[in-house]
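Below is start_8.cif, which holds mmCIF, C-alpha atoms.
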```cif
data_structure
#
loop_
_atom_site.label_atom_id
_atom_site.label_comp_id
_atom_site.auth_asym_id
_atom_site.auth_seq_id
_atom_site.Cartn_x
_atom_site.Cartn_y
_atom_site.Cartn_z
CA MET O 1 -19.94 -15.64 -111.71
CA ALA O 2 -18.88 -14.04 -108.44
CA TRP O 3 -22.25 -14.96 -106.98
CA THR O 4 -22.10 -18.70 -107.60
CA TRP O 5 -20.87 -19.37 -104.04
CA PHE O 6 -23.89 -17.54 -102.72
CA HIS O 7 -26.25 -19.61 -104.85
CA ARG O 8 -24.53 -22.81 -103.79
CA LEU O 9 -24.98 -21.84 -100.15
CA ALA O 10 -28.69 -21.62 -100.87
CA SER O 11 -28.73 -25.27 -102.02
CA PRO O 12 -29.67 -27.61 -99.13
CA PRO O 13 -27.83 -30.74 -100.40
CA TYR O 14 -24.64 -28.74 -100.90
CA VAL O 15 -24.88 -27.20 -97.44
CA TYR O 16 -25.65 -30.57 -95.83
CA GLY O 17 -22.52 -32.11 -97.36
CA VAL O 18 -20.16 -29.21 -96.77
CA ALA O 19 -21.32 -28.69 -93.16
CA GLY O 20 -20.65 -32.37 -92.46
CA ARG O 21 -17.14 -32.20 -93.84
CA LEU O 22 -16.28 -28.94 -92.07
CA SER O 23 -17.59 -29.53 -88.55
CA PRO O 24 -14.74 -31.76 -87.21
CA TRP O 25 -12.20 -29.12 -88.30
CA PHE O 26 -13.81 -26.69 -85.87
CA ALA O 27 -14.80 -29.14 -83.14
CA TRP O 28 -11.36 -30.63 -82.39
CA PRO O 29 -9.40 -27.35 -82.23
CA ALA O 30 -12.22 -26.05 -80.01
CA VAL O 31 -11.77 -28.96 -77.58
CA LEU O 32 -8.00 -28.44 -77.44
CA LEU O 33 -8.27 -24.68 -76.93
CA ILE O 34 -10.89 -25.02 -74.20
CA LEU O 35 -8.91 -27.70 -72.34
CA GLY O 36 -5.77 -25.57 -72.63
CA GLY O 37 -7.66 -22.48 -71.53
CA LEU O 38 -9.10 -24.29 -68.49
CA TYR O 39 -5.65 -25.47 -67.42
CA GLY O 40 -4.15 -22.04 -68.00
CA GLY O 41 -6.96 -20.25 -66.21
CA LEU O 42 -7.20 -22.53 -63.20
CA VAL O 43 -3.53 -23.48 -62.74
CA LEU O 44 -1.04 -21.30 -64.63
CA ALA O 45 -2.53 -17.82 -64.21
CA PRO O 46 -1.47 -16.08 -60.97
CA PRO O 47 -4.17 -14.94 -58.52
CA ASP O 48 -5.38 -11.39 -59.06
CA TYR O 49 -3.92 -8.81 -56.66
CA GLN O 50 -7.39 -7.59 -55.70
CA GLN O 51 -9.74 -10.52 -56.26
CA GLY O 52 -7.40 -13.39 -55.42
CA ASP O 53 -8.53 -16.67 -56.97
CA GLY O 54 -12.07 -15.34 -57.33
CA PHE O 55 -11.09 -13.63 -60.58
CA ARG O 56 -10.73 -17.05 -62.26
CA ILE O 57 -14.46 -16.94 -62.93
CA ILE O 58 -13.52 -14.62 -65.81
CA TYR O 59 -12.34 -17.66 -67.84
CA VAL O 60 -15.85 -19.06 -68.02
CA HIS O 61 -17.89 -15.86 -67.62
CA ALA O 62 -16.34 -13.69 -70.34
CA PRO O 63 -16.40 -16.42 -73.06
CA SER O 64 -20.04 -17.27 -72.21
CA ALA O 65 -21.02 -13.60 -72.39
CA TRP O 66 -19.11 -13.25 -75.68
CA MET O 67 -20.99 -16.29 -77.04
CA SER O 68 -24.35 -14.83 -76.00
CA LEU O 69 -23.69 -11.72 -78.12
CA MET O 70 -21.88 -13.34 -81.04
CA VAL O 71 -24.49 -16.07 -81.47
CA TYR O 72 -27.31 -13.51 -81.38
CA THR O 73 -25.60 -11.34 -83.99
CA THR O 74 -25.08 -14.39 -86.21
CA MET O 75 -28.71 -15.42 -85.73
CA ALA O 76 -30.00 -11.94 -86.60
CA GLY O 77 -27.71 -11.78 -89.65
CA ALA O 78 -28.89 -15.16 -90.91
CA ALA O 79 -32.51 -14.17 -90.24
CA ALA O 80 -32.04 -10.93 -92.20
CA ILE O 81 -30.55 -12.84 -95.16
CA GLY O 82 -33.49 -15.24 -94.97
CA LEU O 83 -35.97 -12.36 -95.01
CA VAL O 84 -34.33 -10.39 -97.82
CA TRP O 85 -33.41 -13.24 -100.20
CA ARG O 86 -36.07 -15.70 -99.03
CA MET O 87 -33.29 -18.21 -98.48
CA LYS O 88 -34.47 -21.29 -96.57
CA VAL O 89 -30.97 -22.36 -95.57
CA ALA O 90 -30.44 -18.97 -93.88
CA HIS O 91 -33.64 -19.39 -91.87
CA ALA O 92 -32.46 -22.89 -90.92
CA ALA O 93 -29.13 -21.45 -89.73
CA ALA O 94 -30.91 -18.80 -87.64
CA ALA O 95 -33.10 -21.46 -86.03
CA ALA O 96 -30.01 -23.56 -85.30
CA CYS O 97 -28.37 -20.65 -83.44
CA ALA O 98 -31.14 -20.02 -80.90
CA PRO O 99 -30.71 -22.91 -78.41
CA ILE O 100 -26.92 -22.50 -78.45
CA GLY O 101 -27.21 -18.78 -77.73
CA ALA O 102 -29.87 -19.21 -75.05
CA SER O 103 -27.80 -21.79 -73.15
CA PHE O 104 -24.63 -19.69 -73.14
CA THR O 105 -26.60 -16.59 -72.10
CA PHE O 106 -27.82 -18.69 -69.18
CA ALA O 107 -24.20 -19.61 -68.36
CA ALA O 108 -23.17 -15.93 -68.56
CA LEU O 109 -25.96 -14.91 -66.17
CA VAL O 110 -25.25 -17.68 -63.65
CA THR O 111 -21.46 -17.23 -63.64
CA GLY O 112 -21.99 -13.46 -63.42
CA ALA O 113 -24.18 -13.92 -60.34
CA LEU O 114 -21.58 -16.24 -58.79
CA TRP O 115 -18.92 -13.61 -59.42
CA GLY O 116 -21.10 -10.73 -58.21
CA GLU O 117 -21.81 -12.17 -54.78
CA PRO O 118 -18.22 -12.23 -53.44
CA MET O 119 -17.07 -9.07 -55.29
CA TRP O 120 -20.11 -6.75 -55.20
CA GLY O 121 -21.94 -8.37 -52.29
CA THR O 122 -24.97 -9.33 -54.37
CA TYR O 123 -25.98 -12.08 -56.80
CA TRP O 124 -28.27 -9.77 -58.72
CA GLN O 125 -28.84 -6.08 -59.22
CA TRP O 126 -31.16 -4.37 -61.73
CA ASP O 127 -28.14 -2.84 -63.34
CA PRO O 128 -28.03 -1.82 -67.05
CA ARG O 129 -25.54 -4.55 -68.07
CA LEU O 130 -27.25 -7.30 -66.08
CA THR O 131 -30.77 -6.30 -67.11
CA SER O 132 -29.95 -6.03 -70.83
CA GLU O 133 -28.26 -9.46 -70.71
CA LEU O 134 -31.39 -10.89 -69.06
CA ILE O 135 -33.48 -9.34 -71.87
CA LEU O 136 -31.18 -11.11 -74.35
CA PHE O 137 -31.99 -14.41 -72.65
CA PHE O 138 -35.74 -13.69 -73.01
CA LEU O 139 -35.24 -12.69 -76.66
CA TYR O 140 -33.76 -16.13 -77.35
CA LEU O 141 -36.61 -17.84 -75.49
CA GLY O 142 -39.17 -15.67 -77.30
CA TYR O 143 -37.62 -16.54 -80.66
CA MET O 144 -37.78 -20.28 -79.90
CA GLY O 145 -41.28 -20.02 -78.48
CA LEU O 146 -42.50 -18.13 -81.55
CA ARG O 147 -41.05 -20.77 -83.89
CA ALA O 148 -42.56 -23.58 -81.85
CA GLY O 149 -45.94 -21.85 -81.77
CA ILE O 150 -46.41 -21.38 -85.52
CA GLU O 151 -47.44 -24.46 -87.45
CA ASP O 152 -46.61 -23.29 -91.00
CA PRO O 153 -42.79 -23.40 -91.39
CA GLN O 154 -42.61 -20.45 -93.80
CA ARG O 155 -44.65 -18.22 -91.53
CA ALA O 156 -42.63 -19.38 -88.52
CA ASP O 157 -39.43 -18.50 -90.41
CA ARG O 158 -40.60 -15.02 -91.30
CA ALA O 159 -42.18 -14.10 -87.96
CA SER O 160 -39.23 -15.35 -85.90
CA ALA O 161 -36.73 -13.71 -88.28
CA LEU O 162 -38.47 -10.38 -87.78
CA LEU O 163 -38.19 -10.77 -84.01
CA ALA O 164 -34.50 -11.70 -84.29
CA VAL O 165 -33.72 -8.68 -86.50
CA VAL O 166 -35.59 -6.19 -84.32
CA GLY O 167 -34.00 -7.63 -81.17
CA VAL O 168 -30.45 -7.07 -82.48
CA ILE O 169 -30.81 -3.51 -81.11
CA ASN O 170 -30.17 -5.05 -77.71
CA VAL O 171 -26.65 -6.21 -78.70
CA PRO O 172 -24.97 -2.74 -78.81
CA ILE O 173 -27.00 -1.78 -75.73
CA ILE O 174 -25.43 -4.68 -73.80
CA HIS O 175 -21.98 -3.95 -75.14
CA TYR O 176 -22.00 -0.21 -74.36
CA SER O 177 -24.15 -0.42 -71.22
CA VAL O 178 -21.08 -0.19 -68.99
CA THR O 179 -19.89 3.02 -70.65
CA TRP O 180 -23.28 4.70 -71.23
CA TRP O 181 -24.59 4.28 -67.71
CA ASN O 182 -23.11 3.95 -64.27
CA SER O 183 -22.85 0.23 -63.84
CA LEU O 184 -21.62 -2.14 -61.19
CA HIS O 185 -20.13 -4.13 -64.01
CA GLN O 186 -16.55 -3.27 -64.89
CA ALA O 187 -15.63 -1.83 -68.28
CA PRO O 188 -14.08 -4.26 -70.78
CA SER O 189 -10.43 -4.95 -69.98
CA VAL O 190 -9.53 -7.18 -72.92
CA MET O 191 -11.70 -6.23 -75.86
CA ARG O 192 -10.83 -2.59 -75.89
CA LEU O 193 -8.78 -0.80 -78.47
CA GLY O 194 -5.07 -0.52 -77.85
CA LYS O 195 -3.38 -2.44 -75.10
CA PRO O 196 -5.38 -4.78 -72.88
CA SER O 197 -4.84 -4.09 -69.22
CA ILE O 198 -4.03 -7.55 -67.87
CA SER O 199 -0.80 -9.58 -67.83
CA LEU O 200 0.05 -12.17 -70.45
CA THR O 201 -0.26 -15.28 -68.25
CA MET O 202 -3.75 -14.09 -67.34
CA LEU O 203 -4.61 -12.97 -70.86
CA LEU O 204 -3.53 -16.00 -72.93
CA PRO O 205 -5.87 -18.54 -71.24
CA LEU O 206 -8.72 -16.06 -71.73
CA LEU O 207 -7.91 -15.66 -75.42
CA ALA O 208 -7.74 -19.48 -75.77
CA MET O 209 -11.18 -19.77 -74.17
CA LEU O 210 -12.67 -17.02 -76.34
CA LEU O 211 -11.33 -18.61 -79.54
CA GLY O 212 -12.24 -22.11 -78.34
CA PHE O 213 -15.84 -21.09 -77.60
CA THR O 214 -16.10 -19.38 -81.00
CA LEU O 215 -14.89 -22.49 -82.84
CA LEU O 216 -17.20 -24.63 -80.72
CA PHE O 217 -20.11 -22.44 -81.78
CA ILE O 218 -19.25 -22.90 -85.47
CA ALA O 219 -19.03 -26.69 -85.02
CA LEU O 220 -22.33 -26.84 -83.12
CA LEU O 221 -24.00 -24.59 -85.67
CA LEU O 222 -22.83 -26.79 -88.57
CA VAL O 223 -24.17 -29.97 -86.93
CA ARG O 224 -27.49 -28.33 -86.02
CA LEU O 225 -27.77 -26.79 -89.49
CA ARG O 226 -27.48 -30.26 -91.02
CA ALA O 227 -30.30 -31.50 -88.79
CA GLU O 228 -32.48 -28.48 -89.67
CA VAL O 229 -31.85 -28.89 -93.39
CA LEU O 230 -32.65 -32.63 -93.28
CA LEU O 231 -35.91 -32.02 -91.40
CA ARG O 232 -37.02 -29.33 -93.81
CA GLU O 233 -36.12 -31.37 -96.88
CA ARG O 234 -37.31 -34.73 -95.61
CA SER O 235 -39.65 -35.22 -98.58
CA SER O 236 -36.99 -34.47 -101.23
CA SER O 237 -35.21 -37.37 -102.81
CA TRP O 238 -31.70 -36.01 -102.09
CA THR O 239 -32.07 -36.56 -98.35
CA ARG O 240 -32.58 -40.30 -98.83
CA GLU O 241 -29.68 -40.51 -101.25
CA ALA O 242 -27.48 -38.57 -98.83
CA LEU O 243 -28.24 -41.02 -96.03
CA LEU O 244 -27.97 -44.21 -98.07
CA THR O 245 -24.54 -43.45 -99.49
CA MET Z 1 -4.15 -29.99 -53.98
CA ARG Z 2 -6.18 -28.88 -50.96
CA GLU Z 3 -5.06 -25.34 -51.61
CA PHE Z 4 -6.03 -25.60 -55.27
CA LEU Z 5 -9.52 -26.88 -54.42
CA ASP Z 6 -9.95 -24.12 -51.85
CA MET Z 7 -9.42 -21.40 -54.50
CA GLY Z 8 -8.24 -18.90 -51.91
CA GLY Z 9 -11.58 -19.09 -50.13
CA TYR Z 10 -13.60 -18.56 -53.31
CA ALA Z 11 -14.28 -22.26 -53.91
CA ALA Z 12 -18.04 -21.84 -53.43
CA TYR Z 13 -18.13 -19.38 -56.35
CA VAL Z 14 -15.35 -20.54 -58.67
CA TRP Z 15 -16.21 -24.24 -58.90
CA PRO Z 16 -19.96 -23.87 -59.50
CA SER Z 17 -19.15 -21.34 -62.28
CA TYR Z 18 -16.92 -23.87 -64.01
CA VAL Z 19 -19.40 -26.71 -63.50
CA VAL Z 20 -22.28 -24.70 -65.00
CA THR Z 21 -20.28 -23.55 -68.02
CA ILE Z 22 -18.74 -26.94 -68.78
CA GLY Z 23 -22.20 -28.44 -68.27
CA VAL Z 24 -23.64 -26.05 -70.86
CA ILE Z 25 -20.89 -27.04 -73.31
CA VAL Z 26 -21.50 -30.77 -72.80
CA VAL Z 27 -25.27 -30.39 -73.07
CA ASN Z 28 -24.84 -28.42 -76.31
CA VAL Z 29 -22.71 -31.16 -77.84
CA ILE Z 30 -25.25 -33.83 -76.83
CA TRP Z 31 -28.21 -31.75 -78.13
CA ALA Z 32 -26.55 -31.06 -81.47
CA ARG Z 33 -25.61 -34.69 -82.08
CA ARG Z 34 -29.02 -35.89 -80.97
CA SER Z 35 -30.87 -33.47 -83.23
CA LEU Z 36 -28.90 -34.70 -86.23
CA ALA Z 37 -29.43 -38.36 -85.30
CA ARG Z 38 -33.19 -37.75 -84.95
CA ALA Z 39 -33.44 -35.96 -88.29
CA ARG Z 40 -31.60 -38.83 -89.98
CA GLN Z 41 -33.87 -41.39 -88.34
CA LEU Z 42 -36.95 -39.51 -89.56
CA VAL Z 43 -35.72 -39.43 -93.15
CA ARG Z 44 -34.80 -43.14 -93.02
CA ARG Z 45 -38.20 -44.05 -91.63
CA ARG Z 46 -40.01 -42.11 -94.34
CA ALA Z 47 -37.88 -43.80 -96.99
CA ALA Z 48 -38.62 -47.22 -95.50
CA GLY Z 49 -42.33 -46.41 -95.27
CA GLU Z 50 -42.52 -45.54 -98.95
CA ALA Z 51 -40.56 -48.58 -100.07
CA SER Z 52 -42.85 -51.09 -98.36
#
```

Translate this file's structure into structure tokens.
Amino acid sequence: MAWTWFHRLASPPYVYGVAGRLSPWFAWPAVLLILGGLYGGLVLAPPDYQQGDGFRIIYVHAPSAWMSLMVYTTMAGAAAIGLVWRMKVAHAAAAACAPIGASFTFAALVTGALWGEPMWGTYWQWDPRLTSELILFFLYLGYMGLRAGIEDPQRADRASALLAVVGVINVPIIHYSVTWWNSLHQAPSVMRLGKPSISLTMLLPLLAMLLGFTLLFIALLLVRLRAEVLLRERSSSWTREALLT
Amino acid sequence: MREFLDMGGYAAYVWPSYVVTIGVIVVNVIWARRSLARARQLVRRRAAGEAS
């Protein structure tokens, strides 16, 4: 009885329908939060006392970096569920995560480089935080390459899921890299326990961006999941019925 | 306005950061919508192929 929701989530037609109904409820709040966060970050927040207006890169860098980790964790979780319960929808969700995660990891790396040059005097340094984030980018690319390279969908699902699950080790390494090793990168100032160390007019736009990016990810994932499910089920009769009605 | 665009001398770093990130967002939205449209087209075509 308690498990019926889990079984329903394993049913492609159910997931296709529900994902379609849910996605606008995440997409529109995401747009509003991101627009608000951009205005707050670029206009309302005062310049930093040390970094001047250069610190405003935080409003695009931190949310992109957060996405890179959150999307990977979601992908690995979905892949693990797919492996353990042999659930096709979970594999489809994992596959849908990869391009989203890869692109935001790219954004995190580029904005990080653009922030590093004026503040540290270098675009790139083989530093623990930067190197582990670059490895994350290659993990995403490897996952997508592996899927694209295996003809049989079931084998592609299993092989790529294994890679995703093993690679999740990199997520805590990235997160703790700034505390475990000496790093150029600063320690987290917002996502640490207790009181964050920045002022409210600086903090609120950042929180809006973080929440906006998270909701955007859910909306993108739902749309991509529908596409994945349709492609996988293209020979079942429900897909035609779903499109004709 | 001039002052705003100048970003306290950090314009060359701040604006490209925002352009890249907003670009990634826009590209993601286009990709996601396109992948769904393509999947739908494929299913429709198969259905049409079987009917004829």

If we count all atoms listed in the file, what is near region 82-91 of chain O at a cut-off of 12 Å, once residues fewer than 4 positions away on the same chain are taken out, given as a PyMOL selection string?
-> chain O and resi 6-16+19+74-78+95-98+147+153-165+221-222+224-233

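The space separating CA of Thr131 (chain O) from CA of Phe104 (chain O) comes to 15.9 Å.
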
Computed interatomic separation between CA of Gly9 (chain Z) and CA of Trp124 (chain O) (Å) |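 Straight-line distance from CA of Gly9 (chain Z) to CA of Trp124 (chain O) works out to 21.0 Å.
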
Considering all atoms listed in the file, extract the chain Z residues located within 7 Å of chain O and return them as an MDAnalysis selection string.
-> chainID Z and resid 7:8 10 13:14 17:18 20:21 24 28:29 32:33 35:36 39 43:44 47

Around all listed atoms of region 140-158 of chain O, padded 5 Å per side, what centre and edge lengths does the axis-aligned box have in Å to one decimal, as lines of an AutoDock Vina configuration file?
```
center_x = -40.6
center_y = -19.7
center_z = -84.6
size_x = 23.7
size_y = 19.4
size_z = 28.3
```

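Here CA of Asn170 (chain O) stands at a distance of 13.0 Å from CA of Val71 (chain O).
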
Of the candidates O:Ser132, O:Gln50, O:Ser68, O:Gln125, which shows the shortest atom-to-atom distance to Ile174 (chain O), using all atoms listed in the file?
-> O:Ser132

Output check: residues returned by the PyMOL selection byres ((chain O and resi 133-135) around 10), as a ChimeraX atom specification = /O:65,68-69,105-106,108-109,126-132,136-141,167,170-171,173-175,177
